[in-house]
Each structure stands twice: as structure tokens, then as C-alpha cells.
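S.K.: A single structure is presented below for examination.
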Amino acid sequence: MIAGRYELLEELDHGGMGHVWRGYDSVLDRPVAVKRIRPQAVTSPQLADELAKRFRREARITARIQHPGVPQVYDAVLDDTHEHLFLVMELVDGVPLSAYVDPARPLPVSWAVAVAAQVATVLSHAHEIPVIHRDLKPGNVLVARDGTVKVLDFGIAAILRTDATKLTATGSPIGTSQYMAPEQVRGARVTPQTDLYALGCVLHELLAGRVLFHADSELALMYQHVTEDPTPLRQLRPEVPGALEELVLHLLRKTPEARPADVQEVYERLRPFLPQAGQEPAPGESGPAGTPDPTGLFRHPYAPRSRPRPTAAPTPPGEPAPGPVPVPADLKVHIKEAYAHSDALLEEERFAQAAEVLSEIIEPAARALGTENGQVLELRTQRAAIRLLGGDYRAALPEFTALADAYGRIAGPTSERARACRAQAARCRAELGQVTEALTALESVLAVVRAVDSNVSEEAIELRRDIGMLLLGKGRAADALVVLEPLHADLNVVYGPADELTAEVAEALALIRLDLDGSTG
């Protein structure tokens, strides 16, 4: 019995991250799946508390994915020894995608494409939030009995921080290097395009009947992902359509921005190879015996979430407030109460509610005081910061952009507030996969900071670190080295070698040098 309510009945599966059990929730009288994970380095109550907080944040973001292809996570329990995390999830009766892979009999094209297209529909909802899976692989994909593809373990890689660079005591990387994008191998920022690379690995494996790369060691395998070109599918299986081979190669490009723009584009390019509504399977178009048919949902129309329409531009902050409105005598009290309420919710990491509390006071305050009043701008800045903390980058981006313009008009475009909002907007862009625009913006802000302050101010150091890591994520290792080497020297002087940021940059530099040595060798 776990947490006094979950009974473990039968072990269903086990793997590198843990064991999955069929369980029973005695409180709600329902079957559940319980995944028992042994997190690395949870050796104290303090680290256990950090893990629990990280889980709550990631689980709340993941909970926003409203799609039948995403099993719900109901609960998380850390045991008294701090050695195991139990994730309680929706129980899915299905077959893992790994059971579909057979070197002697590659899947019918329609089956492989149907799986990839259904995964794309799930990712389209996740990336809109945005939530990045980080560990997409056949073992994390189930095909339910009705043919619905279920993508498991959203958020678990983020909760456990499973990066290829985080090695266990035995020197083995945590995670699944067979499906890791080059930017993950380098330990750089992940974006929605990271999931697209993994999807390319999975689709290649389904069509070819074998994994993308094969090596004798994990390290060699990771370097293949970084440096080697994949074998085109038609060299392995000539009957694969040329356009499908081209899509897989596009998904497997080494740099994130060289891959398809988004998962909706991937779906559109898969669609010509899906069965049409009402179309019956052709002779020989059956998949592995005893496995559910993932093409069924397309023979009965099924589509992903459509692309969001561009939202209307926000009202320019300089426009006059609509009509004279009497200023409430107690407005100052209401603003103070809103901050207190929002701060309390923020302490509990209830980000969406904390932002909503501020939204309720911002509109009346703007009507009474003006849209560019200092108190109104402070409220909006706090709301944008909360959205950024909560992972709602799509909502935070236009707010920070508008605030940067407002502070620029009031205090000048090089003012500290304007710079900070421009930098935060750039960080939102980076999280949304707009890495080139983010780099340009951060470099522009850094130039201003160097001119008006110092190259080793706290603001400059943070900008330099972000720029270096983004360059690394784009595969520009040499450029990242140029940025991070002098930064590391400055950090040793300003903060000392034991500082967490100094150590983080040192680790990135070690990876870059290893990468460059491997590329030239």
C-alpha cells in the first residue's frame, strides 16, 4: 500500500527509469497505473523537497494538455527513504510501440504513418502550451485496443532532469540516447523541435525495422546523433515513398531550426500517406499479429488541433483610457490586497491563479490611473513574470514586449526596466523555439548593458550565459565557446569556482571542447 490508498497488484513493465505496476486506488475505487521511479541523487530531505516541488510544477504544466492521447497523472508520492517516487497515472490497456518493430517485417507504410500522425496530434496540443516531452521513444508510446496512440511520461524527463550529460555513478547516461536530439546530447536548451527529432527517429525505426544508429557504447551512439548523417530510408527499403523519406530526413536535421517549423507541418506532410475516410485496408496491409490497428482512426476521420489563429495585437499602451471613470477611493487598498493574494498563491506554485488575481485588478486600475501609470505597469510586469515562471510563455511574450515599449517611452529604450522586459521577452521566444530571434534580442540588450553598466554586472552575466547556451543549442559550438570561455573566467573572479553558475558554465565548456575534439578527430 502506497500513501495509504494505492495497492500494487501486478507488475506490468520495467525499464531504465523504473517499474510500472497495475494498481488500485482504494479511495476513488478505480484501477490505476503506478510507476515506481528511483530518482538519481535523492539522498536527503532537502533534495527530496526539491524533487517534489519540481514534480508539482511539471505536473501542473502537463495537466494543461487536454487530449485523449495523453494519459492523466493523478498523484505523486515520495517514500520515507527518499529513494523512490511513485507516479500514479491513468491505466491504459494497450501494446507498446516497441512490439511493432520487427527487422524481418517492417510495418506497412500506412501503419507507421498513422502512428506518427497520432503522435503529432498529441504533440500539437503539448507544444501549444508549450510542454516538451524530452524523451519520446517507442517505449513511451502505447497503442490502445481501439487503435488510439497514447504518449506516456510527459514531464517525467523534466521532473528527473534526465539529460544525456547527467551521468550516473556507473558512467551511464540517464535517458534514452537512441532518440536524443543533438542539442540534448550537448546538454543545451530543448525546444519543440527536440521532440520532432525524436519523432523522426521513431518513424525511421518503424519504416526501416531497425534503429537509426547503432554503436557499441552510449557515448559513441550520442556522437553519431551529433555528427553522422542518417541512412536515407529508400536505401534500406526502396518502396518507401520519396516524400516520406524526405520528411524523415528533414526531422533528423542536426540543428533545431533546420527541422520543420512545427508539428502541424509534419502532420500535413504525413497526411497524403494516411488511409482515406471509409477506405478499407488493402491486401497485405496488416501489421503485426495481435496488435491494435492505428490506422482505424483515420479510416474514421480524426485530426489534430488546428493551428491557433494569430491573436489581435494588444491595444497600444499609449492610447488614452476609454472615457472618464471615477477613481475608487479604495483602489490603493484593492491593489495591495491583490498583491498579497497573488503572492500567497505564488508561494503554493499556483501560477495560473496568481496571474488571474492580478488580471482582475489591472483593468480597473488602468481605467482609473491610465495604462502607462507606474502602478499599472508594475502590476502587468508582475503578472508577466508569474506567467513566465509558470511556463505560460505564449501569454508572457506579448506582455513583456508591450511592457518594454511602454518603459522605453517613459524612461528611455536603454532604461533598466525596458532592458529587463526585452530580455524576458527574448527568453520566452527561446522557450517557444524562436531561437534566432531570441539570440538577436539578447545580444542587442547585452550591447546596451555593456555601454551603460559593466560586462560583469549581474545583468550582463545572465545575458552572456543565456546567449552562450542558446548558441550551443543551435549547434554553434565554436561560437558558444567564444562567449562562454571569457564568461567562465569572469565568474571565477566575481563569484568563485564553487558557485553554481560557475560550475554550470564549466560543465558546458567541457562538453563543447569534447564535441569540438570529436568533430575534428
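For the C-alpha cells, the naming scheme is as follows: chains receive sequential letters (A, B, ...) according to their order of presentation, residues are indexed from 1 within each chain, and ligands are indexed from 1 in presentation order.
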Using DSSP assignments from the backbone, pull out every residue in segment 2-239 of chain A that falls under alpha helix (DSSP H) and give it to me as an NGL selection string.
M.R.: :A and (45-62 or 109-128 or 156-160 or 182-185 or 192-208 or 218-227 or 233-236)
S.K.: Neighbours of segment 66-71 of chain A within 9 Å (only C-alpha atoms; same-chain residues fewer than 5 positions away dropped), as a list in words?
M.R.: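 Once the adjacent positions are removed, what remains is Met89, Glu90, Leu91, Val92, Gln118, Val119, Thr121, Val122, His125, Ala126, Thr148, Val149, Lys150, Val151, Leu152, Asp153 and Phe154 of chain A.
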S.K.: Write to file, as a compact mmCIF listing (two decimals), in the first residue's frame, the residues of the selection just made, with all heavy atoms.
M.R.:
```txt
# COMPACT_ATOMS: atom_id res chain seq x y z
N MET A 89 -0.98 7.04 -12.32
CA MET A 89 -1.45 7.50 -13.62
C MET A 89 -2.68 6.73 -14.07
O MET A 89 -3.01 5.67 -13.51
CB MET A 89 -0.34 7.32 -14.67
CG MET A 89 0.94 8.05 -14.37
SD MET A 89 2.27 7.59 -15.52
CE MET A 89 2.67 5.95 -14.94
N GLU A 90 -3.31 7.27 -15.10
CA GLU A 90 -4.40 6.57 -15.77
C GLU A 90 -3.86 5.24 -16.33
O GLU A 90 -2.79 5.19 -16.92
CB GLU A 90 -4.92 7.44 -16.91
CG GLU A 90 -5.92 6.78 -17.83
CD GLU A 90 -6.24 7.65 -19.04
OE1 GLU A 90 -5.75 8.80 -19.10
OE2 GLU A 90 -6.95 7.17 -19.92
N LEU A 91 -4.61 4.17 -16.12
CA LEU A 91 -4.21 2.85 -16.63
C LEU A 91 -4.67 2.72 -18.07
O LEU A 91 -5.86 2.87 -18.37
CB LEU A 91 -4.80 1.75 -15.77
CG LEU A 91 -4.46 0.31 -16.17
CD1 LEU A 91 -2.96 0.05 -16.00
CD2 LEU A 91 -5.27 -0.68 -15.35
N VAL A 92 -3.75 2.45 -18.98
CA VAL A 92 -4.07 2.29 -20.40
C VAL A 92 -3.85 0.84 -20.79
O VAL A 92 -2.76 0.28 -20.58
CB VAL A 92 -3.18 3.21 -21.28
CG1 VAL A 92 -3.49 2.98 -22.75
CG2 VAL A 92 -3.39 4.67 -20.90
N GLN A 118 -0.68 10.27 -35.28
CA GLN A 118 -1.35 10.39 -33.99
C GLN A 118 -0.43 10.99 -32.94
O GLN A 118 -0.88 11.81 -32.11
CB GLN A 118 -1.86 9.02 -33.53
CG GLN A 118 -3.06 8.51 -34.32
CD GLN A 118 -3.80 7.43 -33.55
OE1 GLN A 118 -4.21 7.65 -32.42
NE2 GLN A 118 -3.96 6.27 -34.18
N VAL A 119 0.84 10.62 -32.95
CA VAL A 119 1.78 11.26 -32.02
C VAL A 119 1.84 12.76 -32.31
O VAL A 119 1.89 13.58 -31.38
CB VAL A 119 3.18 10.62 -32.14
CG1 VAL A 119 4.21 11.41 -31.33
CG2 VAL A 119 3.15 9.17 -31.67
N THR A 121 -0.56 14.63 -33.41
CA THR A 121 -1.74 15.32 -32.86
C THR A 121 -1.56 15.58 -31.37
O THR A 121 -1.95 16.64 -30.86
CB THR A 121 -3.03 14.49 -33.07
OG1 THR A 121 -3.01 13.31 -32.28
CG2 THR A 121 -3.22 14.14 -34.52
N VAL A 122 -0.93 14.65 -30.65
CA VAL A 122 -0.67 14.86 -29.23
C VAL A 122 0.33 16.00 -29.04
O VAL A 122 0.11 16.91 -28.22
CB VAL A 122 -0.14 13.57 -28.58
CG1 VAL A 122 0.28 13.82 -27.13
CG2 VAL A 122 -1.18 12.46 -28.64
N HIS A 125 -0.93 19.60 -29.32
CA HIS A 125 -1.56 20.15 -28.12
C HIS A 125 -0.50 20.50 -27.07
O HIS A 125 -0.61 21.53 -26.40
CB HIS A 125 -2.56 19.14 -27.55
CG HIS A 125 -3.84 19.07 -28.32
ND1 HIS A 125 -5.05 19.46 -27.80
CD2 HIS A 125 -4.09 18.68 -29.60
CE1 HIS A 125 -6.00 19.30 -28.72
NE2 HIS A 125 -5.44 18.81 -29.80
N ALA A 126 0.48 19.63 -26.91
CA ALA A 126 1.51 19.88 -25.89
C ALA A 126 2.35 21.10 -26.23
O ALA A 126 2.60 21.96 -25.38
CB ALA A 126 2.40 18.64 -25.77
N THR A 148 -6.07 3.89 -30.72
CA THR A 148 -5.63 5.21 -30.29
C THR A 148 -4.20 5.14 -29.76
O THR A 148 -3.88 4.29 -28.93
CB THR A 148 -6.54 5.76 -29.17
OG1 THR A 148 -7.88 5.80 -29.65
CG2 THR A 148 -6.11 7.15 -28.74
N VAL A 149 -3.37 6.02 -30.24
CA VAL A 149 -1.98 6.09 -29.78
C VAL A 149 -1.92 6.96 -28.52
O VAL A 149 -2.45 8.07 -28.49
CB VAL A 149 -1.06 6.66 -30.88
CG1 VAL A 149 0.32 6.97 -30.32
CG2 VAL A 149 -0.96 5.66 -32.03
N LYS A 150 -1.29 6.43 -27.48
CA LYS A 150 -1.13 7.14 -26.21
C LYS A 150 0.35 7.45 -25.99
O LYS A 150 1.18 6.54 -26.04
CB LYS A 150 -1.64 6.28 -25.05
CG LYS A 150 -3.10 5.82 -25.18
CD LYS A 150 -4.05 6.89 -24.71
CE LYS A 150 -5.48 6.37 -24.64
NZ LYS A 150 -6.41 7.36 -24.07
N VAL A 151 0.66 8.70 -25.74
CA VAL A 151 2.03 9.12 -25.46
C VAL A 151 2.19 9.24 -23.95
O VAL A 151 1.49 10.02 -23.31
CB VAL A 151 2.36 10.44 -26.15
CG1 VAL A 151 3.81 10.85 -25.87
CG2 VAL A 151 2.14 10.34 -27.66
N LEU A 152 3.10 8.44 -23.39
CA LEU A 152 3.27 8.37 -21.94
C LEU A 152 4.40 9.27 -21.46
O LEU A 152 5.25 9.71 -22.24
CB LEU A 152 3.57 6.93 -21.52
CG LEU A 152 2.68 5.82 -22.07
CD1 LEU A 152 3.13 4.48 -21.53
CD2 LEU A 152 1.22 6.07 -21.73
N ASP A 153 4.41 9.50 -20.16
CA ASP A 153 5.54 10.09 -19.44
C ASP A 153 5.86 11.52 -19.83
O ASP A 153 7.01 11.95 -19.77
CB ASP A 153 6.81 9.23 -19.59
CG ASP A 153 6.69 7.92 -18.85
OD1 ASP A 153 5.67 7.70 -18.16
OD2 ASP A 153 7.60 7.09 -18.97
N PHE A 154 4.85 12.30 -20.22
CA PHE A 154 5.08 13.73 -20.39
C PHE A 154 5.57 14.29 -19.07
O PHE A 154 4.99 14.07 -18.03
CB PHE A 154 3.80 14.45 -20.80
CG PHE A 154 3.65 14.62 -22.28
CD1 PHE A 154 2.81 13.79 -22.99
CD2 PHE A 154 4.35 15.59 -22.96
CE1 PHE A 154 2.66 13.94 -24.36
CE2 PHE A 154 4.21 15.75 -24.32
CZ PHE A 154 3.38 14.92 -25.03
```
S.K.: With a distance cut-off of 12 Å and only C-alpha atoms, select the neighbouring residues of Glu349 of chain A, excluding the residue or stretch itself and same-chain residues fewer than 5 positions from it, and output the selection as a VMD selection string.
M.R.: chain A and resid 52 to 61 342 to 344 354 to 355 386 to 387 389 to 391
S.K.: In Å to one decimal, how far is atom CA of Val435 of chain A from atom CA of Pro413 of chain A?
M.R.: 22.7 Å
S.K.: Leu252 of chain A: which residues within 10 Å, counting only C-alpha atoms, same-chain residues fewer than 4 positions away excluded, as a list in words?
M.R.: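 Surrounding residues, per the criterion: Ala181, Pro182, Gln193, Thr194, Leu196, Tyr197, Ala198, Leu199, Gly200, Cys201, His204, Leu212, His225, Asp229, Pro230, Glu246, Leu247, Val248, Pro256, Ala258, Arg259 and Pro260 of chain A.
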S.K.: Kindly export the residues of the current selection with N, CA, C and O atoms, as an mmCIF file, in the first residue's frame.
M.R.:
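Saved file out_4.cif follows:
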```
data_model
loop_
_atom_site.group_PDB
_atom_site.id
_atom_site.type_symbol
_atom_site.label_atom_id
_atom_site.label_comp_id
_atom_site.auth_asym_id
_atom_site.auth_seq_id
_atom_site.Cartn_x
_atom_site.Cartn_y
_atom_site.Cartn_z
ATOM 1 N N ALA A 181 18.066 14.169 -29.472
ATOM 2 C CA ALA A 181 18.479 15.158 -30.458
ATOM 3 C C ALA A 181 19.883 15.662 -30.120
ATOM 4 O O ALA A 181 20.310 15.612 -28.957
ATOM 5 N N PRO A 182 20.616 16.163 -31.120
ATOM 6 C CA PRO A 182 21.976 16.661 -30.846
ATOM 7 C C PRO A 182 22.031 17.689 -29.732
ATOM 8 O O PRO A 182 22.969 17.689 -28.927
ATOM 9 N N GLN A 193 11.248 21.498 -31.336
ATOM 10 C CA GLN A 193 11.962 20.794 -32.411
ATOM 11 C C GLN A 193 12.749 19.600 -31.877
ATOM 12 O O GLN A 193 13.090 18.691 -32.641
ATOM 13 N N THR A 194 13.044 19.582 -30.580
ATOM 14 C CA THR A 194 13.708 18.421 -29.974
ATOM 15 C C THR A 194 12.802 17.196 -30.065
ATOM 16 O O THR A 194 13.259 16.093 -30.372
ATOM 17 N N LEU A 196 10.541 16.824 -32.327
ATOM 18 C CA LEU A 196 10.429 16.468 -33.748
ATOM 19 C C LEU A 196 11.571 15.549 -34.157
ATOM 20 O O LEU A 196 11.387 14.627 -34.957
ATOM 21 N N TYR A 197 12.769 15.796 -33.633
ATOM 22 C CA TYR A 197 13.894 14.915 -33.941
ATOM 23 C C TYR A 197 13.605 13.493 -33.451
ATOM 24 O O TYR A 197 13.813 12.509 -34.178
ATOM 25 N N ALA A 198 13.108 13.387 -32.212
ATOM 26 C CA ALA A 198 12.787 12.060 -31.669
ATOM 27 C C ALA A 198 11.702 11.383 -32.496
ATOM 28 O O ALA A 198 11.756 10.170 -32.733
ATOM 29 N N LEU A 199 10.711 12.160 -32.948
ATOM 30 C CA LEU A 199 9.667 11.597 -33.803
ATOM 31 C C LEU A 199 10.271 11.074 -35.103
ATOM 32 O O LEU A 199 9.863 10.020 -35.616
ATOM 33 N N GLY A 200 11.250 11.781 -35.646
ATOM 34 C CA GLY A 200 11.946 11.297 -36.841
ATOM 35 C C GLY A 200 12.654 9.979 -36.582
ATOM 36 O O GLY A 200 12.630 9.068 -37.420
ATOM 37 N N CYS A 201 13.284 9.850 -35.405
ATOM 38 C CA CYS A 201 13.946 8.585 -35.047
ATOM 39 C C CYS A 201 12.935 7.443 -34.978
ATOM 40 O O CYS A 201 13.186 6.337 -35.466
ATOM 41 N N HIS A 204 11.551 6.579 -38.529
ATOM 42 C CA HIS A 204 12.583 5.838 -39.260
ATOM 43 C C HIS A 204 12.612 4.385 -38.796
ATOM 44 O O HIS A 204 12.679 3.450 -39.613
ATOM 45 N N LEU A 212 17.840 4.028 -35.760
ATOM 46 C CA LEU A 212 18.519 4.964 -36.646
ATOM 47 C C LEU A 212 20.028 4.742 -36.655
ATOM 48 O O LEU A 212 20.664 4.650 -37.708
ATOM 49 N N HIS A 225 24.553 10.771 -33.210
ATOM 50 C CA HIS A 225 23.434 11.700 -33.354
ATOM 51 C C HIS A 225 23.933 13.119 -33.640
ATOM 52 O O HIS A 225 23.280 13.871 -34.370
ATOM 53 N N ASP A 229 25.372 11.501 -40.554
ATOM 54 C CA ASP A 229 24.139 11.619 -41.338
ATOM 55 C C ASP A 229 23.365 10.303 -41.279
ATOM 56 O O ASP A 229 23.965 9.216 -41.348
ATOM 57 N N PRO A 230 22.041 10.366 -41.166
ATOM 58 C CA PRO A 230 21.255 9.125 -41.167
ATOM 59 C C PRO A 230 21.230 8.483 -42.552
ATOM 60 O O PRO A 230 21.366 9.176 -43.572
ATOM 61 N N GLU A 246 11.998 12.064 -47.483
ATOM 62 C CA GLU A 246 12.427 13.458 -47.353
ATOM 63 C C GLU A 246 11.969 14.062 -46.027
ATOM 64 O O GLU A 246 12.717 14.790 -45.367
ATOM 65 N N LEU A 247 10.747 13.744 -45.598
ATOM 66 C CA LEU A 247 10.238 14.254 -44.330
ATOM 67 C C LEU A 247 11.073 13.720 -43.164
ATOM 68 O O LEU A 247 11.444 14.480 -42.253
ATOM 69 N N VAL A 248 11.383 12.425 -43.177
ATOM 70 C CA VAL A 248 12.170 11.847 -42.085
ATOM 71 C C VAL A 248 13.549 12.501 -42.017
ATOM 72 O O VAL A 248 14.033 12.858 -40.936
ATOM 73 N N PRO A 256 18.103 22.478 -34.499
ATOM 74 C CA PRO A 256 16.646 22.547 -34.312
ATOM 75 C C PRO A 256 15.926 23.372 -35.367
ATOM 76 O O PRO A 256 14.874 22.975 -35.855
ATOM 77 N N ALA A 258 16.632 23.889 -38.371
ATOM 78 C CA ALA A 258 16.650 23.314 -39.725
ATOM 79 C C ALA A 258 15.539 22.284 -39.905
ATOM 80 O O ALA A 258 15.290 21.836 -41.011
ATOM 81 N N ARG A 259 14.884 21.924 -38.808
ATOM 82 C CA ARG A 259 13.788 20.944 -38.861
ATOM 83 C C ARG A 259 12.479 21.632 -39.237
ATOM 84 O O ARG A 259 12.437 22.865 -39.338
ATOM 85 N N PRO A 260 11.402 20.867 -39.447
ATOM 86 C CA PRO A 260 10.126 21.504 -39.774
ATOM 87 C C PRO A 260 9.747 22.580 -38.759
ATOM 88 O O PRO A 260 10.121 22.525 -37.589
#
```
S.K.: Could you find all residues in segment 115-360 of chain A that DSSP calls strand (DSSP E) from the backbone, and write them as a list in words?
M.R.: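 Going through segment 115-360 of chain A, the strand (DSSP E) residues come out as Val141, Leu142, Val143, Ala144, Val149, Lys150 and Val151 of chain A.
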S.K.: Filtering to N, CA, C and O atoms, could you give me those residues as a PDB file, in the first residue's frame?
M.R.:
```
ATOM      1  N   VAL A 141       5.322   5.055 -26.036  1.00  0.00           N
ATOM      2  CA  VAL A 141       4.133   5.153 -26.897  1.00  0.00           C
ATOM      3  C   VAL A 141       3.381   3.826 -26.814  1.00  0.00           C
ATOM      4  O   VAL A 141       3.959   2.763 -27.041  1.00  0.00           O
ATOM      5  N   LEU A 142       2.110   3.898 -26.467  1.00  0.00           N
ATOM      6  CA  LEU A 142       1.249   2.722 -26.435  1.00  0.00           C
ATOM      7  C   LEU A 142       0.170   2.862 -27.500  1.00  0.00           C
ATOM      8  O   LEU A 142      -0.298   3.970 -27.776  1.00  0.00           O
ATOM      9  N   VAL A 143      -0.221   1.758 -28.095  1.00  0.00           N
ATOM     10  CA  VAL A 143      -1.375   1.741 -28.990  1.00  0.00           C
ATOM     11  C   VAL A 143      -2.487   1.012 -28.249  1.00  0.00           C
ATOM     12  O   VAL A 143      -2.376  -0.186 -27.958  1.00  0.00           O
ATOM     13  N   ALA A 144      -3.533   1.755 -27.892  1.00  0.00           N
ATOM     14  CA  ALA A 144      -4.650   1.170 -27.151  1.00  0.00           C
ATOM     15  C   ALA A 144      -5.420   0.211 -28.036  1.00  0.00           C
ATOM     16  O   ALA A 144      -5.240   0.168 -29.260  1.00  0.00           O
ATOM     17  N   VAL A 149      -3.365   6.024 -30.243  1.00  0.00           N
ATOM     18  CA  VAL A 149      -1.982   6.087 -29.777  1.00  0.00           C
ATOM     19  C   VAL A 149      -1.919   6.956 -28.522  1.00  0.00           C
ATOM     20  O   VAL A 149      -2.452   8.067 -28.489  1.00  0.00           O
ATOM     21  N   LYS A 150      -1.285   6.433 -27.481  1.00  0.00           N
ATOM     22  CA  LYS A 150      -1.133   7.137 -26.209  1.00  0.00           C
ATOM     23  C   LYS A 150       0.347   7.450 -25.989  1.00  0.00           C
ATOM     24  O   LYS A 150       1.183   6.542 -26.039  1.00  0.00           O
ATOM     25  N   VAL A 151       0.656   8.697 -25.741  1.00  0.00           N
ATOM     26  CA  VAL A 151       2.035   9.117 -25.462  1.00  0.00           C
ATOM     27  C   VAL A 151       2.188   9.241 -23.952  1.00  0.00           C
ATOM     28  O   VAL A 151       1.488  10.023 -23.307  1.00  0.00           O
TER      29      VAL A 151
END
```
S.K.: Counting only C-alpha atoms, figure out which residue out of A:Glu372, A:Arg22, A:Pro283, A:Asp499 gets nearest to Arg409 of chain A.
M.R.: A:Glu372
S.K.: Show me, as a list in words, the residues that have an atom within 10 Å of Leu345 of chain A when counting only C-alpha atoms, minus same-chain residues fewer than 5 positions from it.
M.R.: Tyr339, Ala340, Arg350, Phe351, Ala352, Gln353, Ala354, Ala355 and Val357 of chain A
S.K.: Keeping all heavy atoms, export the residues of the selection given above as a PDB file, in the first residue's frame.
M.R.:
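Dumped to again12.pdb:
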```
ATOM      1  N   TYR A 339      -1.906  42.061  -4.571  1.00  0.00           N
ATOM      2  CA  TYR A 339      -0.519  41.601  -4.465  1.00  0.00           C
ATOM      3  C   TYR A 339      -0.390  40.523  -3.388  1.00  0.00           C
ATOM      4  O   TYR A 339       0.270  39.489  -3.591  1.00  0.00           O
ATOM      5  CB  TYR A 339       0.404  42.775  -4.120  1.00  0.00           C
ATOM      6  CG  TYR A 339       0.912  43.550  -5.313  1.00  0.00           C
ATOM      7  CD1 TYR A 339       0.720  44.925  -5.417  1.00  0.00           C
ATOM      8  CD2 TYR A 339       1.624  42.915  -6.331  1.00  0.00           C
ATOM      9  CE1 TYR A 339       1.201  45.651  -6.496  1.00  0.00           C
ATOM     10  CE2 TYR A 339       2.116  43.624  -7.424  1.00  0.00           C
ATOM     11  CZ  TYR A 339       1.901  44.996  -7.503  1.00  0.00           C
ATOM     12  OH  TYR A 339       2.379  45.696  -8.587  1.00  0.00           O
ATOM     13  N   ALA A 340      -0.993  40.762  -2.226  1.00  0.00           N
ATOM     14  CA  ALA A 340      -0.877  39.807  -1.131  1.00  0.00           C
ATOM     15  C   ALA A 340      -1.489  38.456  -1.502  1.00  0.00           C
ATOM     16  O   ALA A 340      -0.906  37.394  -1.239  1.00  0.00           O
ATOM     17  CB  ALA A 340      -1.552  40.372   0.121  1.00  0.00           C
ATOM     18  N   ARG A 350       0.807  28.084  -7.455  1.00  0.00           N
ATOM     19  CA  ARG A 350      -0.465  28.115  -8.203  1.00  0.00           C
ATOM     20  C   ARG A 350      -0.395  29.310  -9.151  1.00  0.00           C
ATOM     21  O   ARG A 350      -1.004  30.362  -8.948  1.00  0.00           O
ATOM     22  CB  ARG A 350      -1.631  28.202  -7.229  1.00  0.00           C
ATOM     23  CG  ARG A 350      -1.747  26.958  -6.363  1.00  0.00           C
ATOM     24  CD  ARG A 350      -2.552  27.145  -5.108  1.00  0.00           C
ATOM     25  NE  ARG A 350      -3.974  27.341  -5.389  1.00  0.00           N
ATOM     26  CZ  ARG A 350      -4.907  27.420  -4.438  1.00  0.00           C
ATOM     27  NH1 ARG A 350      -4.568  27.308  -3.166  1.00  0.00           N
ATOM     28  NH2 ARG A 350      -6.164  27.613  -4.759  1.00  0.00           N
ATOM     29  N   PHE A 351       0.412  29.150 -10.206  1.00  0.00           N
ATOM     30  CA  PHE A 351       0.784  30.264 -11.070  1.00  0.00           C
ATOM     31  C   PHE A 351      -0.403  30.851 -11.830  1.00  0.00           C
ATOM     32  O   PHE A 351      -0.544  32.068 -11.916  1.00  0.00           O
ATOM     33  CB  PHE A 351       1.874  29.814 -12.059  1.00  0.00           C
ATOM     34  CG  PHE A 351       3.135  29.358 -11.397  1.00  0.00           C
ATOM     35  CD1 PHE A 351       3.449  28.019 -11.304  1.00  0.00           C
ATOM     36  CD2 PHE A 351       4.016  30.272 -10.855  1.00  0.00           C
ATOM     37  CE1 PHE A 351       4.622  27.593 -10.682  1.00  0.00           C
ATOM     38  CE2 PHE A 351       5.187  29.861 -10.228  1.00  0.00           C
ATOM     39  CZ  PHE A 351       5.489  28.520 -10.145  1.00  0.00           C
ATOM     40  N   ALA A 352      -1.235  29.990 -12.400  1.00  0.00           N
ATOM     41  CA  ALA A 352      -2.357  30.490 -13.199  1.00  0.00           C
ATOM     42  C   ALA A 352      -3.296  31.328 -12.335  1.00  0.00           C
ATOM     43  O   ALA A 352      -3.760  32.395 -12.747  1.00  0.00           O
ATOM     44  CB  ALA A 352      -3.116  29.327 -13.836  1.00  0.00           C
ATOM     45  N   GLN A 353      -3.568  30.872 -11.124  1.00  0.00           N
ATOM     46  CA  GLN A 353      -4.462  31.621 -10.241  1.00  0.00           C
ATOM     47  C   GLN A 353      -3.807  32.915  -9.780  1.00  0.00           C
ATOM     48  O   GLN A 353      -4.472  33.945  -9.659  1.00  0.00           O
ATOM     49  CB  GLN A 353      -4.847  30.754  -9.035  1.00  0.00           C
ATOM     50  CG  GLN A 353      -5.796  29.626  -9.375  1.00  0.00           C
ATOM     51  CD  GLN A 353      -6.089  28.765  -8.163  1.00  0.00           C
ATOM     52  OE1 GLN A 353      -5.186  28.187  -7.570  1.00  0.00           O
ATOM     53  NE2 GLN A 353      -7.346  28.690  -7.785  1.00  0.00           N
ATOM     54  N   ALA A 354      -2.501  32.884  -9.515  1.00  0.00           N
ATOM     55  CA  ALA A 354      -1.791  34.090  -9.086  1.00  0.00           C
ATOM     56  C   ALA A 354      -1.847  35.165 -10.165  1.00  0.00           C
ATOM     57  O   ALA A 354      -2.051  36.351  -9.879  1.00  0.00           O
ATOM     58  CB  ALA A 354      -0.340  33.751  -8.740  1.00  0.00           C
ATOM     59  N   ALA A 355      -1.682  34.756 -11.429  1.00  0.00           N
ATOM     60  CA  ALA A 355      -1.768  35.715 -12.537  1.00  0.00           C
ATOM     61  C   ALA A 355      -3.191  36.241 -12.697  1.00  0.00           C
ATOM     62  O   ALA A 355      -3.408  37.429 -12.986  1.00  0.00           O
ATOM     63  CB  ALA A 355      -1.283  35.061 -13.829  1.00  0.00           C
ATOM     64  N   VAL A 357      -5.484  36.669 -10.400  1.00  0.00           N
ATOM     65  CA  VAL A 357      -5.791  37.644  -9.342  1.00  0.00           C
ATOM     66  C   VAL A 357      -5.308  39.039  -9.750  1.00  0.00           C
ATOM     67  O   VAL A 357      -6.011  40.037  -9.559  1.00  0.00           O
ATOM     68  CB  VAL A 357      -5.140  37.205  -8.013  1.00  0.00           C
ATOM     69  CG1 VAL A 357      -5.141  38.348  -7.001  1.00  0.00           C
ATOM     70  CG2 VAL A 357      -5.878  36.002  -7.441  1.00  0.00           C
TER      71      VAL A 357
END
```
S.K.: Which residues are close to Gln224 of chain A, i.e. within 7 Å by only C-alpha atoms, leaving aside same-chain residues fewer than 4 positions away? Reply as a count of residues only.
M.R.: 3
